[in-house]
Amino acid sequence: MAAISPQPTFEGDIFSAQLVHTDSNLLACAEPDYKPFIPGNSLRRMTRVLKMGLTAALKCSQESGITTPGPIVTGTGKGSLQDTEKFIKEIVEYKETALNPTPFIQSTYNSVNGLIALQQKCTAYNNTFVHRGFSFENALLDSMMLLQEGATHTLTGAFEEITKEHFYIKSRIGFWKDQPTDSRELYRHLSPGSIAGEGATFFTLTGTPTPQSYAAISDFRMLYKPTGNKLTIALRAFTEAPDLIITGRNGDSNFEHYYQELDQCFPGIPQLPFKHLCGEYDTAGAFGLWLAARILKAQQIPAAWFPGIGHLPTPVHSILFYNHFYGEQHVMLKLEKV
Amino acid sequence: MEELKKKLKEQIIEALNLQDTKPEDIDDNAPLFGEGLGLDSIDSLELMVLLERQYHIKVEDPREGRKILQSVQSMAEFIQSKQPA
């Protein structure tokens with residue numbers, strides 16, 4: 001696994017890392033040095049999310065010891081916004097003439113997948129899912145089906161970026177809080193909207209566990225726009241009491257009631273929310289899954305990221321992951337120790 | 001002509017984001033593609049766009065484009081030939 005996020009997740013020990021926070025309502029990624037991963041001649045043309053996505057994918061492959069990936073399956077809500085915005089601005093500026101090919105090529109959602117395949121010389125199955133809050137989850141579902149059909153492994157991930165323009169557009173439709181909010185206090189200030197975020201997260205998935213495996217995904221369910229009652233029924237049917245719950249709680253009062261349903265279904269089970277670490281975005285679930293798997297493998301939590309949370313129940317055998325994207329796309333995952 | 005070549009080198013560096021390259025690093029007659037700067041086919045499209053945006057010259061024939069984009073020298077000569085006397 002590999003993650004580029006607003007926290008120092010790409011390198012070093014996350015369990016002793018400090019918490020990165022903001023009061024600007026936007027958590028931007030801590031970008032690594034890309035040069036060890038991407039040749040300079042390719043790097044010069046790439047925009048931020050392409051560099052983040054490709055580098056996270058390469059680090060993930062490196063960590064798993066798989067030099068040529070099999071199927072590459074990703075999810076993204078928006079793809080490269082920087083390229084999209086540049087291309088659209090140039091259409092206006094140059095009156096639909098003399099347009100640069102690069103922003104157009106790179107604005108397509110499957111650019112990151114293409115770059116991974118080119119750099120890794122991989123000619124296997126290659127697909128990018130673009131389904132808003134279900135983008136990563138559909139990539140995950142597709143990967144699981146590929147494994148079931150006999151693929152030995154998949155490179156599965158998600159990437160998203162936030163730009164100044166996109167932050168502004170989303171703020172106009174109430175995605176973000178209208179007052180500057182300290183990300184450390186996110187869950188204490190219930191009000192409409194959340195804080196923006198971004199990230200690139202990749203996993204190597206295998207059909208059977210290996211000594212390097214972090215966790216096993218033992219169950220998975222997606223629900224579209226459920227009522228509170230339907231969600232409760234689905235959560236109760238999904239799993240018996242897990243040892244730990246990781247939630248996508250994000251301080252948004254418009255959709256907090258879904259998390260309250262979760263509280264009622266599993267009273268007394270410790271919960272770790274993760275949106276104060278990465279912000280809210282279409283594929284934030286990939287970061288949450290990465291965090292859950294890290295916790296399961298290490299059997300500890302990054303202490304500075306969760307101040308005030310006491311010790312975990314030890315050992316943690318199972319984690320319920322629950323997240324939703326603005327009340328529409330709801331995801332439940334059950335992770336187990338391997 | 002020397003002034004045009006200097007300006008062209010600066011524009012190429014900016015348009016193609018050639019980090020760590022300075023105008024004086026580019027030899028007037030060195031090939032832009034393959035050896036020399038090591039540019040590729042997407043760069044050739046970017047250079048066509050550069051000619052159109054900066055000098056209002058549209059290259060319609062791709063075979064002609066190949067000759068024009070051989071080097072900074074050939075690009076400068078082409079630009080000069082298209083400018084009013």
# chains A, B, ... in the order shown; residues from 1 in each chain; ligands from 1

$ closest_atom_pairs --of "chain A" --to "chain B" --cutoff "7 Å" --atoms "only C-alpha atoms" --output "tab-separated table"
residue	atom	partner	partner_atom	distance
A:Arg44	CA	B:Asn17	CA	5.7
A:Arg45	CA	B:Asn17	CA	6.9
A:Ala98	CA	B:Val49	CA	5.3
A:Leu99	CA	B:Val49	CA	6.6
A:Asn100	CA	B:Glu46	CA	5.9
A:Pro101	CA	B:Glu46	CA	6.9

$ select_by_dssp --residues "region 229-298 of chain A" --states "alpha helix (DSSP H)" --output "ChimeraX atom specification"
/A:229-238,256-265,275-278,284-298

$ atom_distance --atom1 "CA of Met75 (chain B)" --atom2 "CA of Glu14 (chain B)"
16.1 Å

$ atom_distance --atom1 "CA of Ser80 (chain A)" --atom2 "CA of Lys164 (chain A)"
13.2 Å

$ closest_residue --among "A:Leu146, A:Leu186, A:Ile14, A:Cys29" --to "Pro302 (chain A)" --atoms "only C-alpha atoms"
A:Ile14

$ select_by_dssp --residues "region 209-283 of chain A" --states "strand (DSSP E)" --output "short mmCIF file (atom, residue, chain, number, x, y, z; two decimals) with N, CA and C atoms, in the first residue's frame"
data_model
loop_
_atom_site.label_atom_id
_atom_site.label_comp_id
_atom_site.auth_asym_id
_atom_site.auth_seq_id
_atom_site.Cartn_x
_atom_site.Cartn_y
_atom_site.Cartn_z
N ALA A 216 -7.39 -8.40 5.43
CA ALA A 216 -8.27 -9.06 4.45
C ALA A 216 -9.60 -8.32 4.42
N ILE A 217 -10.11 -8.10 3.21
CA ILE A 217 -11.46 -7.52 3.08
C ILE A 217 -12.42 -8.70 3.05
N SER A 218 -13.19 -8.84 4.13
CA SER A 218 -14.03 -10.03 4.20
C SER A 218 -15.48 -9.75 3.80
N ASP A 219 -15.86 -8.49 3.73
CA ASP A 219 -17.20 -8.18 3.24
C ASP A 219 -17.24 -6.75 2.74
N PHE A 220 -18.19 -6.48 1.87
CA PHE A 220 -18.20 -5.19 1.17
C PHE A 220 -19.62 -4.93 0.68
N ARG A 221 -20.12 -3.73 0.98
CA ARG A 221 -21.47 -3.41 0.49
C ARG A 221 -21.57 -1.93 0.14
N MET A 222 -22.26 -1.65 -0.95
CA MET A 222 -22.52 -0.27 -1.33
C MET A 222 -24.03 -0.04 -1.30
N LEU A 223 -24.43 1.13 -0.81
CA LEU A 223 -25.85 1.48 -0.78
C LEU A 223 -26.01 2.87 -1.37
N TYR A 224 -26.99 3.05 -2.24
CA TYR A 224 -27.19 4.36 -2.84
C TYR A 224 -28.40 5.04 -2.20
N LEU A 244 -13.46 -2.56 16.23
CA LEU A 244 -13.20 -1.13 16.03
C LEU A 244 -14.00 -0.67 14.81
N ILE A 245 -14.42 0.60 14.85
CA ILE A 245 -15.13 1.16 13.69
C ILE A 245 -14.34 2.37 13.19
N ILE A 246 -14.12 2.42 11.90
CA ILE A 246 -13.50 3.60 11.28
C ILE A 246 -14.56 4.27 10.44
N THR A 247 -14.81 5.54 10.71
CA THR A 247 -15.92 6.22 10.04
C THR A 247 -15.47 7.43 9.25
N GLN A 271 -14.74 4.20 18.03
CA GLN A 271 -14.79 4.71 16.66
C GLN A 271 -13.64 5.66 16.39
N LEU A 272 -13.07 5.56 15.22
CA LEU A 272 -12.04 6.51 14.78
C LEU A 272 -12.51 7.19 13.50
N PRO A 273 -12.80 8.48 13.56
CA PRO A 273 -13.11 9.19 12.31
C PRO A 273 -11.81 9.62 11.62
#

$ residues_around --residues "Ile233 (chain A)" --least-positions-apart "6" --cutoff "10 Å" --atoms "only C-alpha atoms" --output "JSON list (two decimals) with N, CA and C atoms, in the first residue's frame"
[["chain", "number", "residue", "atom", "x", "y", "z"],
["A", 227, "THR", "N", -32.51, 5.26, 3.11],
["A", 227, "THR", "CA", -33.17, 5.99, 4.20],
["A", 227, "THR", "C", -32.42, 5.60, 5.48],
["A", 261, "GLU", "N", -27.01, 6.79, 13.17],
["A", 261, "GLU", "CA", -27.58, 5.44, 12.98],
["A", 261, "GLU", "C", -26.51, 4.40, 13.30],
["A", 265, "CYS", "N", -26.39, 1.42, 16.15],
["A", 265, "CYS", "CA", -26.25, 0.00, 15.79],
["A", 265, "CYS", "C", -25.13, -0.68, 16.60]]

$ atom_distance --atom1 "CA of Leu26 (chain A)" --atom2 "CA of Asn250 (chain A)"
12.8 Å

$ closest_residue --among "B:Leu69, B:Ile79, B:Glu60, B:Pro84" --to "Asn29 (chain B)" --atoms "only C-alpha atoms"
B:Leu69

$ closest_residue --among "A:Val338, A:Ala234, A:Met52, A:Met1" --to "Thr154 (chain A)" --atoms "only C-alpha atoms"
A:Met1

$ residues_around --residues "Lys5 (chain B)" --least-positions-apart "2" --cutoff "9 Å" --atoms "only C-alpha atoms" --output "PyMOL selection string"
chain B and resi 1-3+7-10+28+72-73+75-76

$ decode --residues "region 228-332 of chain A" --atoms "C-alpha atoms" --output "PDB file, in the first residue's frame"
ATOM      1  CA  GLY A 228     -32.003   6.018   7.827  1.00  0.00           C
ATOM      2  CA  ASN A 229     -34.066   2.915   8.493  1.00  0.00           C
ATOM      3  CA  LYS A 230     -32.673   1.047   5.489  1.00  0.00           C
ATOM      4  CA  LEU A 231     -29.151   1.960   6.544  1.00  0.00           C
ATOM      5  CA  THR A 232     -29.761   0.638  10.062  1.00  0.00           C
ATOM      6  CA  ILE A 233     -31.085  -2.657   8.713  1.00  0.00           C
ATOM      7  CA  ALA A 234     -28.129  -2.926   6.315  1.00  0.00           C
ATOM      8  CA  LEU A 235     -25.535  -2.150   9.020  1.00  0.00           C
ATOM      9  CA  ARG A 236     -27.018  -4.708  11.436  1.00  0.00           C
ATOM     10  CA  ALA A 237     -27.142  -7.356   8.722  1.00  0.00           C
ATOM     11  CA  PHE A 238     -23.621  -6.524   7.538  1.00  0.00           C
ATOM     12  CA  THR A 239     -21.657  -7.529  10.608  1.00  0.00           C
ATOM     13  CA  GLU A 240     -21.835  -8.495  14.234  1.00  0.00           C
ATOM     14  CA  ALA A 241     -20.007  -6.246  16.679  1.00  0.00           C
ATOM     15  CA  PRO A 242     -16.546  -5.451  15.275  1.00  0.00           C
ATOM     16  CA  ASP A 243     -13.583  -4.607  17.518  1.00  0.00           C
ATOM     17  CA  LEU A 244     -13.202  -1.129  16.034  1.00  0.00           C
ATOM     18  CA  ILE A 245     -15.129   1.162  13.687  1.00  0.00           C
ATOM     19  CA  ILE A 246     -13.500   3.602  11.285  1.00  0.00           C
ATOM     20  CA  THR A 247     -15.921   6.220  10.036  1.00  0.00           C
ATOM     21  CA  GLY A 248     -16.046   8.952   7.443  1.00  0.00           C
ATOM     22  CA  ARG A 249     -17.668  11.378   9.899  1.00  0.00           C
ATOM     23  CA  ASN A 250     -16.919  14.887   8.641  1.00  0.00           C
ATOM     24  CA  GLY A 251     -18.645  17.439  10.869  1.00  0.00           C
ATOM     25  CA  ASP A 252     -21.385  18.092   8.300  1.00  0.00           C
ATOM     26  CA  SER A 253     -24.664  18.572  10.174  1.00  0.00           C
ATOM     27  CA  ASN A 254     -26.666  17.832   6.999  1.00  0.00           C
ATOM     28  CA  PHE A 255     -25.597  14.190   6.987  1.00  0.00           C
ATOM     29  CA  GLU A 256     -24.564  13.517  10.586  1.00  0.00           C
ATOM     30  CA  HIS A 257     -27.766  11.529  11.153  1.00  0.00           C
ATOM     31  CA  TYR A 258     -26.346   8.623   9.132  1.00  0.00           C
ATOM     32  CA  TYR A 259     -23.427   8.351  11.549  1.00  0.00           C
ATOM     33  CA  GLN A 260     -25.864   8.519  14.442  1.00  0.00           C
ATOM     34  CA  GLU A 261     -27.582   5.442  12.981  1.00  0.00           C
ATOM     35  CA  LEU A 262     -24.174   3.763  13.083  1.00  0.00           C
ATOM     36  CA  ASP A 263     -23.695   4.806  16.739  1.00  0.00           C
ATOM     37  CA  GLN A 264     -27.035   3.224  17.628  1.00  0.00           C
ATOM     38  CA  CYS A 265     -26.247  -0.001  15.790  1.00  0.00           C
ATOM     39  CA  PHE A 266     -22.905  -0.514  17.550  1.00  0.00           C
ATOM     40  CA  PRO A 267     -23.033   1.213  20.959  1.00  0.00           C
ATOM     41  CA  GLY A 268     -19.850   1.105  23.019  1.00  0.00           C
ATOM     42  CA  ILE A 269     -17.538   0.105  20.165  1.00  0.00           C
ATOM     43  CA  PRO A 270     -14.636   2.539  19.767  1.00  0.00           C
ATOM     44  CA  GLN A 271     -14.791   4.706  16.656  1.00  0.00           C
ATOM     45  CA  LEU A 272     -12.039   6.512  14.782  1.00  0.00           C
ATOM     46  CA  PRO A 273     -13.108   9.185  12.311  1.00  0.00           C
ATOM     47  CA  PHE A 274     -10.544   9.985   9.615  1.00  0.00           C
ATOM     48  CA  LYS A 275     -11.728  13.093   7.721  1.00  0.00           C
ATOM     49  CA  HIS A 276      -9.761  15.472   9.972  1.00  0.00           C
ATOM     50  CA  LEU A 277      -6.676  13.780   8.472  1.00  0.00           C
ATOM     51  CA  CYS A 278      -7.499  13.910   4.762  1.00  0.00           C
ATOM     52  CA  GLY A 279     -10.529  16.185   4.299  1.00  0.00           C
ATOM     53  CA  GLU A 280     -13.615  15.305   2.290  1.00  0.00           C
ATOM     54  CA  TYR A 281     -13.408  14.239  -1.366  1.00  0.00           C
ATOM     55  CA  ASP A 282     -14.986  11.699  -3.700  1.00  0.00           C
ATOM     56  CA  THR A 283     -12.380   9.002  -3.086  1.00  0.00           C
ATOM     57  CA  ALA A 284     -11.550   9.711   0.573  1.00  0.00           C
ATOM     58  CA  GLY A 285     -12.728   6.158   1.305  1.00  0.00           C
ATOM     59  CA  ALA A 286      -9.456   4.846  -0.145  1.00  0.00           C
ATOM     60  CA  PHE A 287      -7.517   6.768   2.495  1.00  0.00           C
ATOM     61  CA  GLY A 288      -9.846   5.446   5.205  1.00  0.00           C
ATOM     62  CA  LEU A 289      -9.301   1.883   4.004  1.00  0.00           C
ATOM     63  CA  TRP A 290      -5.530   2.434   3.960  1.00  0.00           C
ATOM     64  CA  LEU A 291      -5.661   3.723   7.555  1.00  0.00           C
ATOM     65  CA  ALA A 292      -7.802   0.777   8.695  1.00  0.00           C
ATOM     66  CA  ALA A 293      -5.377  -1.716   7.137  1.00  0.00           C
ATOM     67  CA  ARG A 294      -2.364   0.008   8.735  1.00  0.00           C
ATOM     68  CA  ILE A 295      -4.040  -0.118  12.157  1.00  0.00           C
ATOM     69  CA  LEU A 296      -4.966  -3.782  11.763  1.00  0.00           C
ATOM     70  CA  LYS A 297      -1.457  -4.800  10.802  1.00  0.00           C
ATOM     71  CA  ALA A 298       0.328  -2.708  13.451  1.00  0.00           C
ATOM     72  CA  GLN A 299      -2.290  -3.239  16.163  1.00  0.00           C
ATOM     73  CA  GLN A 300      -1.876   0.379  17.196  1.00  0.00           C
ATOM     74  CA  ILE A 301      -3.184   3.788  16.195  1.00  0.00           C
ATOM     75  CA  PRO A 302      -1.147   6.856  15.199  1.00  0.00           C
ATOM     76  CA  ALA A 303      -1.394   8.464  18.652  1.00  0.00           C
ATOM     77  CA  ALA A 304      -0.917  12.096  17.579  1.00  0.00           C
ATOM     78  CA  TRP A 305      -3.667  11.763  14.967  1.00  0.00           C
ATOM     79  CA  PHE A 306      -6.260  10.690  17.519  1.00  0.00           C
ATOM     80  CA  PRO A 307      -5.620  12.670  20.700  1.00  0.00           C
ATOM     81  CA  GLY A 308      -8.103  11.990  23.429  1.00  0.00           C
ATOM     82  CA  ILE A 309      -8.809   8.470  22.199  1.00  0.00           C
ATOM     83  CA  GLY A 310      -7.645   6.005  24.758  1.00  0.00           C
ATOM     84  CA  HIS A 311      -6.095   2.691  24.032  1.00  0.00           C
ATOM     85  CA  LEU A 312      -7.501   0.373  21.424  1.00  0.00           C
ATOM     86  CA  PRO A 313      -9.091  -2.874  22.434  1.00  0.00           C
ATOM     87  CA  THR A 314      -6.290  -5.353  21.892  1.00  0.00           C
ATOM     88  CA  PRO A 315      -6.047  -7.374  19.870  1.00  0.00           C
ATOM     89  CA  VAL A 316      -8.112  -5.852  17.046  1.00  0.00           C
ATOM     90  CA  HIS A 317      -9.314  -8.709  14.880  1.00  0.00           C
ATOM     91  CA  SER A 318     -11.941  -6.907  12.842  1.00  0.00           C
ATOM     92  CA  ILE A 319     -12.711  -3.375  11.721  1.00  0.00           C
ATOM     93  CA  LEU A 320     -15.958  -2.060  10.301  1.00  0.00           C
ATOM     94  CA  PHE A 321     -15.345   0.765   7.855  1.00  0.00           C
ATOM     95  CA  TYR A 322     -18.324   2.991   7.077  1.00  0.00           C
ATOM     96  CA  ASN A 323     -18.264   6.098   4.913  1.00  0.00           C
ATOM     97  CA  HIS A 324     -20.667   8.055   2.771  1.00  0.00           C
ATOM     98  CA  PHE A 325     -20.313  10.891   0.298  1.00  0.00           C
ATOM     99  CA  TYR A 326     -22.785  13.691   1.016  1.00  0.00           C
ATOM    100  CA  GLY A 327     -25.526  11.249   1.929  1.00  0.00           C
ATOM    101  CA  GLU A 328     -25.649   9.633  -1.501  1.00  0.00           C
ATOM    102  CA  GLN A 329     -23.039   6.891  -1.841  1.00  0.00           C
ATOM    103  CA  HIS A 330     -22.697   4.746   1.306  1.00  0.00           C
ATOM    104  CA  VAL A 331     -19.970   2.127   1.756  1.00  0.00           C
ATOM    105  CA  MET A 332     -19.462  -0.621   4.331  1.00  0.00           C
TER     106      MET A 332
END
